[in-house]
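One file, protein.pdb, carrying PDB, C-alpha atoms and all ligand atoms:
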```pdb
ATOM      1  CA  MET J  59     178.287  87.704 -78.114
ATOM      2  CA  PRO J  60     176.609  91.011 -77.213
ATOM      3  CA  LYS J  61     176.955  94.168 -79.266
ATOM      4  CA  PHE J  62     178.860  96.932 -77.519
ATOM      5  CA  ALA J  63     178.299 100.694 -77.331
ATOM      6  CA  ALA J  64     181.193 103.021 -76.466
ATOM      7  CA  ASN J  65     180.440 105.254 -73.497
ATOM      8  CA  LEU J  66     181.677 108.653 -74.652
ATOM      9  CA  SER J  67     181.670 110.122 -71.142
ATOM     10  CA  MET J  68     184.362 107.678 -70.046
ATOM     11  CA  MET J  69     186.011 106.469 -73.266
ATOM     12  CA  PHE J  70     187.857 108.539 -75.852
ATOM     13  CA  THR J  71     188.375 111.371 -73.357
ATOM     14  CA  GLU J  72     191.664 111.980 -75.187
ATOM     15  CA  PHE J  73     189.404 113.976 -77.557
ATOM     16  CA  PRO J  74     186.946 116.852 -77.023
ATOM     17  CA  PHE J  75     183.419 115.470 -76.609
ATOM     18  CA  LEU J  76     182.253 116.225 -80.141
ATOM     19  CA  ASP J  77     185.290 114.483 -81.646
ATOM     20  CA  ARG J  78     184.684 111.279 -79.679
ATOM     21  CA  PHE J  79     181.960 110.119 -82.109
ATOM     22  CA  ARG J  80     184.391 109.840 -85.031
ATOM     23  CA  ALA J  81     187.044 108.303 -82.764
ATOM     24  CA  ALA J  82     184.612 105.601 -81.612
ATOM     25  CA  ALA J  83     183.506 104.832 -85.169
ATOM     26  CA  ASP J  84     187.145 104.636 -86.316
ATOM     27  CA  CYS J  85     187.691 101.973 -83.649
ATOM     28  CA  GLY J  86     184.805  99.903 -85.020
ATOM     29  CA  PHE J  87     181.923 100.925 -82.744
ATOM     30  CA  THR J  88     178.509 101.277 -84.354
ATOM     31  CA  ALA J  89     176.761 102.621 -81.235
ATOM     32  CA  VAL J  90     177.520 105.019 -78.393
ATOM     33  CA  GLU J  91     176.035 106.149 -75.106
ATOM     34  CA  PHE J  92     176.978 109.055 -72.846
ATOM     35  CA  LEU J  93     175.807 110.622 -69.624
ATOM     36  CA  PHE J  94     174.504 114.017 -70.728
ATOM     37  CA  PRO J  95     174.158 115.799 -74.088
ATOM     38  CA  TYR J  96     172.835 119.106 -72.774
ATOM     39  CA  GLU J  97     175.927 121.295 -73.313
ATOM     40  CA  HIS J  98     175.372 120.920 -77.048
ATOM     41  CA  ALA J  99     172.397 121.395 -79.351
ATOM     42  CA  ALA J 100     170.580 118.135 -80.041
ATOM     43  CA  GLU J 101     170.890 118.772 -83.798
ATOM     44  CA  LEU J 102     174.673 119.022 -83.536
ATOM     45  CA  ILE J 103     174.868 115.679 -81.736
ATOM     46  CA  ALA J 104     172.531 114.118 -84.295
ATOM     47  CA  ASP J 105     174.890 115.375 -87.035
ATOM     48  CA  LYS J 106     177.939 113.911 -85.287
ATOM     49  CA  LEU J 107     176.178 110.567 -84.994
ATOM     50  CA  SER J 108     175.114 110.473 -88.590
ATOM     51  CA  GLU J 109     178.514 111.651 -89.927
ATOM     52  CA  ALA J 110     180.140 108.804 -88.005
ATOM     53  CA  GLY J 111     177.442 106.249 -88.889
ATOM     54  CA  LEU J 112     176.575 105.659 -85.223
ATOM     55  CA  VAL J 113     173.387 105.079 -83.280
ATOM     56  CA  GLN J 114     172.871 106.436 -79.775
ATOM     57  CA  ALA J 115     171.773 103.805 -77.255
ATOM     58  CA  LEU J 116     171.102 105.785 -74.064
ATOM     59  CA  PHE J 117     171.683 109.003 -72.147
ATOM     60  CA  ASN J 118     170.579 110.400 -68.795
ATOM     61  CA  MET J 119     168.079 113.005 -67.755
ATOM     62  CA  SER J 120     169.699 116.076 -66.235
ATOM     63  CA  PRO J 121     171.232 115.287 -62.829
ATOM     64  CA  GLY J 122     170.725 118.810 -61.458
ATOM     65  CA  ASN J 123     173.941 120.590 -60.509
ATOM     66  CA  TRP J 124     176.532 117.858 -61.227
ATOM     67  CA  ASP J 125     179.539 120.075 -60.443
ATOM     68  CA  GLY J 126     177.857 120.973 -57.154
ATOM     69  CA  GLY J 127     177.576 117.267 -56.278
ATOM     70  CA  GLU J 128     174.014 116.524 -57.405
ATOM     71  CA  ARG J 129     173.396 113.125 -58.984
ATOM     72  CA  GLY J 130     169.775 113.268 -60.111
ATOM     73  CA  LEU J 131     166.540 114.911 -59.097
ATOM     74  CA  ALA J 132     163.914 112.158 -58.942
ATOM     75  CA  ALA J 133     164.119 111.527 -55.192
ATOM     76  CA  LEU J 134     164.673 115.142 -54.147
ATOM     77  CA  PRO J 135     161.566 116.531 -52.419
ATOM     78  CA  GLY J 136     160.785 120.085 -53.530
ATOM     79  CA  ARG J 137     162.511 119.726 -56.918
ATOM     80  CA  GLU J 138     159.474 118.303 -58.748
ATOM     81  CA  SER J 139     159.023 121.065 -61.295
ATOM     82  CA  GLU J 140     162.737 121.059 -62.185
ATOM     83  CA  PHE J 141     162.502 117.281 -62.478
ATOM     84  CA  ALA J 142     159.473 117.478 -64.808
ATOM     85  CA  GLN J 143     161.343 120.005 -66.944
ATOM     86  CA  SER J 144     164.355 117.663 -67.099
ATOM     87  CA  VAL J 145     162.133 114.868 -68.405
ATOM     88  CA  GLU J 146     160.682 117.122 -71.112
ATOM     89  CA  THR J 147     164.155 118.297 -72.142
ATOM     90  CA  ALA J 148     165.522 114.730 -72.245
ATOM     91  CA  ILE J 149     162.598 113.597 -74.396
ATOM     92  CA  SER J 150     163.069 116.458 -76.831
ATOM     93  CA  TYR J 151     166.784 115.596 -77.159
ATOM     94  CA  ALA J 152     166.000 111.883 -77.536
ATOM     95  CA  ARG J 153     163.580 112.648 -80.383
ATOM     96  CA  VAL J 154     166.208 114.606 -82.330
ATOM     97  CA  ILE J 155     169.068 112.235 -81.546
ATOM     98  CA  GLY J 156     167.022 109.068 -82.069
ATOM     99  CA  THR J 157     167.689 107.651 -78.607
ATOM    100  CA  PRO J 158     165.388 104.766 -77.662
ATOM    101  CA  ARG J 159     165.685 105.000 -73.855
ATOM    102  CA  LEU J 160     166.535 107.431 -71.074
ATOM    103  CA  HIS J 161     168.065 106.874 -67.662
ATOM    104  CA  MET J 162     166.369 108.687 -64.766
ATOM    105  CA  MET J 163     168.900 109.386 -62.009
ATOM    106  CA  ALA J 164     167.569 109.348 -58.438
ATOM    107  CA  GLY J 165     169.802 111.755 -56.517
ATOM    108  CA  ILE J 166     171.710 111.921 -53.249
ATOM    109  CA  VAL J 167     169.232 111.460 -50.428
ATOM    110  CA  SER J 168     168.668 108.723 -47.891
ATOM    111  CA  ALA J 169     166.538 105.813 -49.072
ATOM    112  CA  ARG J 170     165.219 105.651 -45.487
ATOM    113  CA  ASN J 171     163.667 109.106 -45.860
ATOM    114  CA  PRO J 172     159.947 108.442 -46.533
ATOM    115  CA  VAL J 173     159.452 111.882 -48.091
ATOM    116  CA  ALA J 174     162.217 111.168 -50.592
ATOM    117  CA  THR J 175     160.739 107.751 -51.368
ATOM    118  CA  ASP J 176     157.347 109.325 -51.939
ATOM    119  CA  ALA J 177     158.876 111.967 -54.233
ATOM    120  CA  TYR J 178     160.725 109.235 -56.144
ATOM    121  CA  ARG J 179     157.551 107.176 -56.648
ATOM    122  CA  LYS J 180     155.609 110.193 -57.932
ATOM    123  CA  ASN J 181     158.422 111.383 -60.186
ATOM    124  CA  LEU J 182     158.951 107.894 -61.602
ATOM    125  CA  LYS J 183     155.245 107.701 -62.393
ATOM    126  CA  ARG J 184     155.315 111.123 -64.087
ATOM    127  CA  ALA J 185     158.434 110.236 -66.092
ATOM    128  CA  ALA J 186     156.832 106.922 -67.071
ATOM    129  CA  GLU J 187     153.762 108.742 -68.391
ATOM    130  CA  LEU J 188     155.772 111.288 -70.377
ATOM    131  CA  THR J 189     158.215 108.787 -71.876
ATOM    132  CA  GLY J 190     155.350 106.390 -72.610
ATOM    133  CA  GLU J 191     153.506 109.083 -74.558
ATOM    134  CA  ALA J 192     156.729 109.806 -76.469
ATOM    135  CA  GLY J 193     157.346 106.121 -77.232
ATOM    136  CA  ILE J 194     160.694 106.211 -75.411
ATOM    137  CA  GLY J 195     161.916 103.708 -72.823
ATOM    138  CA  LEU J 196     162.771 104.665 -69.246
ATOM    139  CA  VAL J 197     165.398 102.909 -67.136
ATOM    140  CA  ILE J 198     166.544 103.217 -63.529
ATOM    141  CA  GLU J 199     169.987 102.087 -62.386
ATOM    142  CA  PRO J 200     171.132 100.971 -58.946
ATOM    143  CA  ILE J 201     174.545 102.598 -58.332
ATOM    144  CA  ASN J 202     177.036 101.511 -55.688
ATOM    145  CA  SER J 203     177.648 103.919 -52.864
ATOM    146  CA  ARG J 204     181.434 103.650 -53.017
ATOM    147  CA  ASP J 205     181.363 105.466 -56.368
ATOM    148  CA  MET J 206     178.360 107.611 -55.465
ATOM    149  CA  PRO J 207     178.098 107.999 -51.668
ATOM    150  CA  GLY J 208     174.554 108.566 -50.454
ATOM    151  CA  TYR J 209     172.898 107.664 -53.759
ATOM    152  CA  PHE J 210     169.198 106.941 -53.176
ATOM    153  CA  LEU J 211     168.937 103.889 -55.453
ATOM    154  CA  ASP J 212     171.732 101.601 -54.243
ATOM    155  CA  ASN J 213     169.901  98.274 -54.244
ATOM    156  CA  PHE J 214     168.792  96.068 -57.148
ATOM    157  CA  ASP J 215     165.788  94.511 -55.386
ATOM    158  CA  ARG J 216     164.477  97.944 -54.464
ATOM    159  CA  ALA J 217     164.868  99.150 -58.054
ATOM    160  CA  VAL J 218     162.969  96.105 -59.242
ATOM    161  CA  SER J 219     160.148  96.725 -56.779
ATOM    162  CA  PHE J 220     159.776 100.321 -58.016
ATOM    163  CA  ILE J 221     159.605  98.951 -61.564
ATOM    164  CA  ALA J 222     157.039  96.328 -60.510
ATOM    165  CA  GLU J 223     154.860  99.015 -58.880
ATOM    166  CA  ILE J 224     154.809 101.012 -62.115
ATOM    167  CA  ASN J 225     154.202  97.830 -64.133
ATOM    168  CA  LEU J 226     154.609  99.327 -67.592
ATOM    169  CA  PRO J 227     156.663  97.491 -70.208
ATOM    170  CA  HIS J 228     158.720 100.542 -71.175
ATOM    171  CA  VAL J 229     159.951 101.108 -67.581
ATOM    172  CA  GLN J 230     162.939  98.834 -67.034
ATOM    173  CA  LEU J 231     166.169  98.159 -65.185
ATOM    174  CA  GLN J 232     169.589  99.481 -66.195
ATOM    175  CA  PHE J 233     171.790  96.556 -65.174
ATOM    176  CA  ASP J 234     175.330  97.796 -64.679
ATOM    177  CA  ILE J 235     177.450  94.709 -64.066
ATOM    178  CA  TYR J 236     180.092  96.754 -62.253
ATOM    179  CA  HIS J 237     177.558  98.148 -59.758
ATOM    180  CA  ARG J 238     175.836  94.775 -59.357
ATOM    181  CA  GLN J 239     179.081  93.043 -58.401
ATOM    182  CA  ILE J 240     180.073  95.737 -55.890
ATOM    183  CA  LEU J 241     176.600  95.976 -54.350
ATOM    184  CA  HIS J 242     175.522  92.353 -54.193
ATOM    185  CA  GLY J 243     177.635  89.978 -56.313
ATOM    186  CA  ASP J 244     175.701  87.006 -57.759
ATOM    187  CA  VAL J 245     175.818  88.640 -61.200
ATOM    188  CA  ILE J 246     174.705  85.710 -63.331
ATOM    189  CA  MET J 247     171.744  84.743 -61.140
ATOM    190  CA  ALA J 248     170.639  88.382 -61.129
ATOM    191  CA  LEU J 249     170.827  88.525 -64.938
ATOM    192  CA  ARG J 250     168.610  85.443 -65.073
ATOM    193  CA  ARG J 251     166.165  86.686 -62.416
ATOM    194  CA  PHE J 252     165.749  90.147 -63.840
ATOM    195  CA  ALA J 253     166.027  89.225 -67.541
ATOM    196  CA  PRO J 254     162.490  90.321 -68.533
ATOM    197  CA  LEU J 255     163.000  93.694 -66.841
ATOM    198  CA  ILE J 256     166.418  94.572 -68.239
ATOM    199  CA  GLY J 257     166.324  97.551 -70.604
ATOM    200  CA  HIS J 258     170.026  98.310 -70.774
ATOM    201  CA  ILE J 259     173.311  96.716 -69.655
ATOM    202  CA  GLN J 260     176.679  98.300 -68.924
ATOM    203  CA  VAL J 261     180.053  96.747 -68.160
ATOM    204  CA  ALA J 262     183.446  97.569 -66.639
ATOM    205  CA  SER J 263     186.023  95.545 -64.764
ATOM    206  CA  VAL J 264     185.607  95.256 -60.998
ATOM    207  CA  PRO J 265     186.950  96.808 -58.815
ATOM    208  CA  ASP J 266     188.869  99.418 -60.819
ATOM    209  CA  ARG J 267     186.327 100.222 -63.552
ATOM    210  CA  HIS J 268     188.755  99.570 -66.372
ATOM    211  CA  GLU J 269     188.521  97.419 -69.510
ATOM    212  CA  PRO J 270     186.396  94.241 -69.280
ATOM    213  CA  LEU J 271     188.390  90.993 -68.908
ATOM    214  CA  THR J 272     190.847  92.693 -66.531
ATOM    215  CA  GLY J 273     188.999  92.395 -63.222
ATOM    216  CA  GLU J 274     187.719  89.890 -60.701
ATOM    217  CA  LEU J 275     184.778  88.619 -62.786
ATOM    218  CA  ASP J 276     184.737  86.146 -65.662
ATOM    219  CA  ASP J 277     183.369  88.669 -68.159
ATOM    220  CA  LEU J 278     183.408  86.204 -71.060
ATOM    221  CA  ARG J 279     181.136  83.907 -69.055
ATOM    222  CA  ILE J 280     178.892  86.867 -68.245
ATOM    223  CA  PHE J 281     178.687  87.893 -71.915
ATOM    224  CA  THR J 282     177.659  84.336 -72.789
ATOM    225  CA  GLU J 283     174.915  84.591 -70.158
ATOM    226  CA  ILE J 284     173.733  87.927 -71.550
ATOM    227  CA  ASP J 285     173.155  86.128 -74.852
ATOM    228  CA  ALA J 286     171.541  83.178 -73.072
ATOM    229  CA  ILE J 287     168.916  85.356 -71.386
ATOM    230  CA  GLY J 288     167.950  86.697 -74.816
ATOM    231  CA  TYR J 289     169.122  90.283 -74.267
ATOM    232  CA  GLN J 290     169.135  92.005 -77.654
ATOM    233  CA  GLY J 291     170.258  95.522 -76.715
ATOM    234  CA  TYR J 292     173.664  97.148 -76.478
ATOM    235  CA  VAL J 293     176.100  96.612 -73.646
ATOM    236  CA  GLY J 294     177.524 100.023 -72.780
ATOM    237  CA  CYS J 295     181.279 100.064 -72.231
ATOM    238  CA  GLU J 296     181.186 102.338 -69.210
ATOM    239  CA  TYR J 297     184.808 102.086 -68.148
ATOM    240  CA  ARG J 298     187.815 104.317 -67.687
ATOM    241  CA  PRO J 299     190.514 103.065 -70.042
ATOM    242  CA  ARG J 300     193.632 102.092 -68.148
ATOM    243  CA  ARG J 301     195.897 103.870 -70.639
ATOM    244  CA  GLY J 302     194.699 105.061 -74.052
ATOM    245  CA  THR J 303     191.180 104.114 -75.142
ATOM    246  CA  LYS J 304     192.288 102.688 -78.499
ATOM    247  CA  ASP J 305     195.258 100.810 -77.039
ATOM    248  CA  GLY J 306     192.979  99.164 -74.502
ATOM    249  CA  LEU J 307     190.442  97.814 -76.993
ATOM    250  CA  GLY J 308     192.126  94.433 -77.460
ATOM    251  CA  TRP J 309     189.547  92.847 -75.133
ATOM    252  CA  ILE J 310     186.815  93.208 -77.782
ATOM    253  CA  GLY J 311     188.684  90.872 -80.141
ATOM    254  CA  LYS J 312     188.852  88.247 -77.391
ATOM    255  CA  VAL J 313     185.104  88.572 -76.836
ATOM    256  CA  SER J 314     184.100  88.109 -80.451
ATOM    257  CA  ASP J 315     186.554  85.252 -80.861
ATOM    258  CA  PRO J 316     186.831  83.603 -77.445
ATOM    259  CA  PRO J 317     189.658  81.049 -77.205
ATOM    260  CA  ASP J 318     187.283  78.217 -76.317
ATOM    261  CA  GLY J 319     184.431  79.462 -78.479
TER     262      GLY J 319
HETATM  263  O1  LIG S   1     177.008 103.785 -63.698
HETATM  264  C1  LIG S   1     176.989 105.002 -63.792
HETATM  265  O2  LIG S   1     177.658 105.712 -63.061
HETATM  266  C2  LIG S   1     176.180 105.612 -64.932
HETATM  267  O3  LIG S   1     175.560 104.625 -65.664
HETATM  268  C3  LIG S   1     175.276 106.720 -64.658
HETATM  269  O4  LIG S   1     174.316 106.875 -65.375
HETATM  270  C4  LIG S   1     175.493 107.721 -63.585
HETATM  271  O5  LIG S   1     176.755 108.167 -63.454
HETATM  272 MG    MG S   2     176.230 102.657 -65.224
END
```

Can you present the structure in this file as structure tokens?
Amino acid sequence: MPKFAANLSMMFTEFPFLDRFRAAADCGFTAVEFLFPYEHAAELIADKLSEAGLVQALFNMSPGNWDGGERGLAALPGRESEFAQSVETAISYARVIGTPRLHMMAGIVSARNPVATDAYRKNLKRAAELTGEAGIGLVIEPINSRDMPGYFLDNFDRAVSFIAEINLPHVQLQFDIYHRQILHGDVIMALRRFAPLIGHIQVASVPDRHEPLTGELDDLRIFTEIDAIGYQGYVGCEYRPRRGTKDGLGWIGKVSDPPDG
């Protein structure tokens, strides 16, 4: 069965951010991911990881003004220099923290806007060059527009065609099972089709984004398929715990010891 990383932006929110590392390790996690580290010095986060014996699987480049509703810069025409700076900053954090791959968020702008598409292509290329030079992976993630209305990258096939255009092995797909099911369904066939391009996987129950094994999908079957396609990375637990994070972790025991397994 896959190895799981706790998403510290959604899990363990009972604790202040910097205390979530220890809380995750105490619950048995050996890896974490989170959206953004930038409110804290990279060295402080690296210390928290090492004190808790954790590795960091993934975080995102700056989304711009999140509280003001921004959800990424890559497809925003006119924001190129801010975008380039966000890539540099993310890389410098990833070097200190030891993060192997970064998620480039696209932003809120219509995918039918050709100027935005052009900006996205150019920014993806620039980010691919910079991360490539740094030896760090780059992933892009289709996100459903119920959770993120107006998000530029809301289609898996389109994400894959951007990745194919770039055609560099370190530029890959962030396959969030929750978004895939809401956007298109056909989760298992998509895992098989996109297997060679998948750089990171995330999971939550559908439709409420709670603990796996509590939604409309057969998550145990999906986890078996993730193994079958040869995925070796972490599966990020990007869900909002229904009650307490720790109390809701019973599903992990069922995954490592499935009743029919
Ligand atoms: O699925 C999501 O929402 C995240 O993986 C993300 O990076 C943006 O919020
Ligand atoms: Mg996700």

Check: Which polymer residues have any atom within 12 Å of an atom of Gly288 in chain J, counting all atoms listed in the file, with same-chain residues fewer than 6 positions away left out, as a list in words?
Finding: Met59, Pro60, Leu249, Arg250, Phe252, Ala253, Pro254, Leu255, Ile256, Gly257, Phe281 and Thr282 of chain J

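Between CA of Met69 in chain J and CA of Leu271 in chain J lies a distance of 16.3 Å.
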
Item checked: One-decimal distance in Å that lies between CA of Arg267 in chain J and CA of Arg216 in chain J -> 23.8 Å

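Those residues that approach Ile166 in chain J to within 10 Å, counting only C-alpha atoms, are Gly127, Glu128, Arg129, Gly130, Leu131, Ala132, Ala133, Leu134, Ala174, Ser203, Met206, Pro207, Gly208, Tyr209, Phe210 and Leu211 of chain J; same-chain residues fewer than 5 positions away are not listed.
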
Checklist line | Shell around Val264 in chain J at 6 Å using only C-alpha atoms, local window under 6 positions removed, as a PyMOL selection string | finding: chain J and resi 236+273-274

Go ahead and dump the residues you just picked, C-alpha atoms, as a PDB file, in the coordinates of the input.
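Listed below is the output, again.pdb:
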```
ATOM      1  CA  TYR J 236     180.092  96.754 -62.253  1.00  0.00           C
ATOM      2  CA  GLY J 273     188.999  92.395 -63.222  1.00  0.00           C
ATOM      3  CA  GLU J 274     187.719  89.890 -60.701  1.00  0.00           C
TER       4      GLU J 274
END
```

Give me, as CSV, the closest atom pair and its distance (Å, one decimal) for every residue of chain J within a cut-off of 10 Å of ligand MG 2 (chain S), counting only C-alpha atoms and all ligand atoms, rows sorted by chain and rising number.
```
residue,atom,partner,partner_atom,distance
J:Asn65,CA,S:MG2,MG,9.6
J:Phe92,CA,S:MG2,MG,10.0
J:Leu93,CA,S:MG2,MG,9.1
J:His161,CA,S:MG2,MG,9.5
J:Ile198,CA,S:MG2,MG,9.8
J:Glu199,CA,S:MG2,MG,6.9
J:Pro200,CA,S:MG2,MG,8.3
J:Ile201,CA,S:MG2,MG,7.1
J:Asn202,CA,S:MG2,MG,9.6
J:Gln232,CA,S:MG2,MG,7.4
J:Phe233,CA,S:MG2,MG,7.5
J:Asp234,CA,S:MG2,MG,5.0
J:Ile235,CA,S:MG2,MG,8.1
J:Tyr236,CA,S:MG2,MG,7.7
J:His237,CA,S:MG2,MG,7.2
J:Arg238,CA,S:MG2,MG,9.8
J:His258,CA,S:MG2,MG,9.4
J:Ile259,CA,S:MG2,MG,8.0
J:Gln260,CA,S:MG2,MG,5.7
J:Val261,CA,S:MG2,MG,7.6
J:Ala262,CA,S:MG2,MG,8.9
J:Gly294,CA,S:MG2,MG,8.1
J:Cys295,CA,S:MG2,MG,9.0
J:Glu296,CA,S:MG2,MG,6.4
J:Tyr297,CA,S:MG2,MG,9.1
```

Could you write out as JSON the box around ligand LIG 1 (chain S) (axis-aligned, all atoms listed in the file, 4 Å on each side), with centre and edge lengths in Å to one decimal?
```
{"center_x": 176.0, "center_y": 106.0, "center_z": -64.4, "size_x": 11.3, "size_y": 12.4, "size_z": 10.6}
```

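Near Leu76 in chain J, within a cut-off of 12 Å and counting only C-alpha atoms, sit the residues Leu66, Ser67, Phe70, Thr71, Ala81, Ala82, Phe92, Pro95, Glu97, His98, Ala99, Ala100, Leu102, Ile103, Ala104, Asp105, Lys106, Leu107, Glu109 and Ala110 of chain J, with same-chain residues fewer than 5 positions away left out.
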
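CA of Phe75 in chain J is found 16.5 Å from atom O5 of ligand LIG 1 (chain S).
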
Incomplete range 146-159 of chain J brought to N, CA and C atoms, written out as an mmCIF file, keeping the file's coordinate frame:
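Contents of rebuild_5.cif, freshly written:
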```
data_model
loop_
_atom_site.group_PDB
_atom_site.id
_atom_site.type_symbol
_atom_site.label_atom_id
_atom_site.label_comp_id
_atom_site.auth_asym_id
_atom_site.auth_seq_id
_atom_site.Cartn_x
_atom_site.Cartn_y
_atom_site.Cartn_z
ATOM 1 N N GLU J 146 161.087 116.542 -69.816
ATOM 2 C CA GLU J 146 160.682 117.122 -71.112
ATOM 3 C C GLU J 146 161.911 117.386 -71.988
ATOM 4 N N THR J 147 162.942 117.971 -71.371
ATOM 5 C CA THR J 147 164.155 118.297 -72.142
ATOM 6 C C THR J 147 164.799 117.019 -72.682
ATOM 7 N N ALA J 148 164.896 115.993 -71.820
ATOM 8 C CA ALA J 148 165.522 114.730 -72.245
ATOM 9 C C ALA J 148 164.736 114.119 -73.410
ATOM 10 N N ILE J 149 163.417 114.171 -73.317
ATOM 11 C CA ILE J 149 162.598 113.597 -74.396
ATOM 12 C C ILE J 149 162.818 114.375 -75.694
ATOM 13 N N SER J 150 162.902 115.702 -75.579
ATOM 14 C CA SER J 150 163.069 116.458 -76.831
ATOM 15 C C SER J 150 164.447 116.168 -77.444
ATOM 16 N N TYR J 151 165.475 116.003 -76.628
ATOM 17 C CA TYR J 151 166.784 115.596 -77.159
ATOM 18 C C TYR J 151 166.700 114.189 -77.767
ATOM 19 N N ALA J 152 166.051 113.280 -77.057
ATOM 20 C CA ALA J 152 166.000 111.883 -77.536
ATOM 21 C C ALA J 152 165.308 111.817 -78.897
ATOM 22 N N ARG J 153 164.293 112.654 -79.091
ATOM 23 C CA ARG J 153 163.580 112.648 -80.383
ATOM 24 C C ARG J 153 164.514 113.066 -81.517
ATOM 25 N N VAL J 154 165.310 114.108 -81.273
ATOM 26 C CA VAL J 154 166.208 114.606 -82.330
ATOM 27 C C VAL J 154 167.354 113.628 -82.562
ATOM 28 N N ILE J 155 167.882 113.095 -81.465
ATOM 29 C CA ILE J 155 169.068 112.235 -81.546
ATOM 30 C C ILE J 155 168.704 110.811 -81.985
ATOM 31 N N GLY J 156 167.445 110.433 -81.732
ATOM 32 C CA GLY J 156 167.022 109.068 -82.069
ATOM 33 C C GLY J 156 167.343 108.069 -80.979
ATOM 34 N N THR J 157 167.345 108.533 -79.739
ATOM 35 C CA THR J 157 167.689 107.651 -78.607
ATOM 36 C C THR J 157 166.456 106.881 -78.140
ATOM 37 N N PRO J 158 166.578 105.560 -78.008
ATOM 38 C CA PRO J 158 165.388 104.766 -77.662
ATOM 39 C C PRO J 158 165.047 104.728 -76.179
ATOM 40 N N ARG J 159 166.028 105.055 -75.289
ATOM 41 C CA ARG J 159 165.685 105.000 -73.855
ATOM 42 C C ARG J 159 166.523 105.974 -73.044
#
```
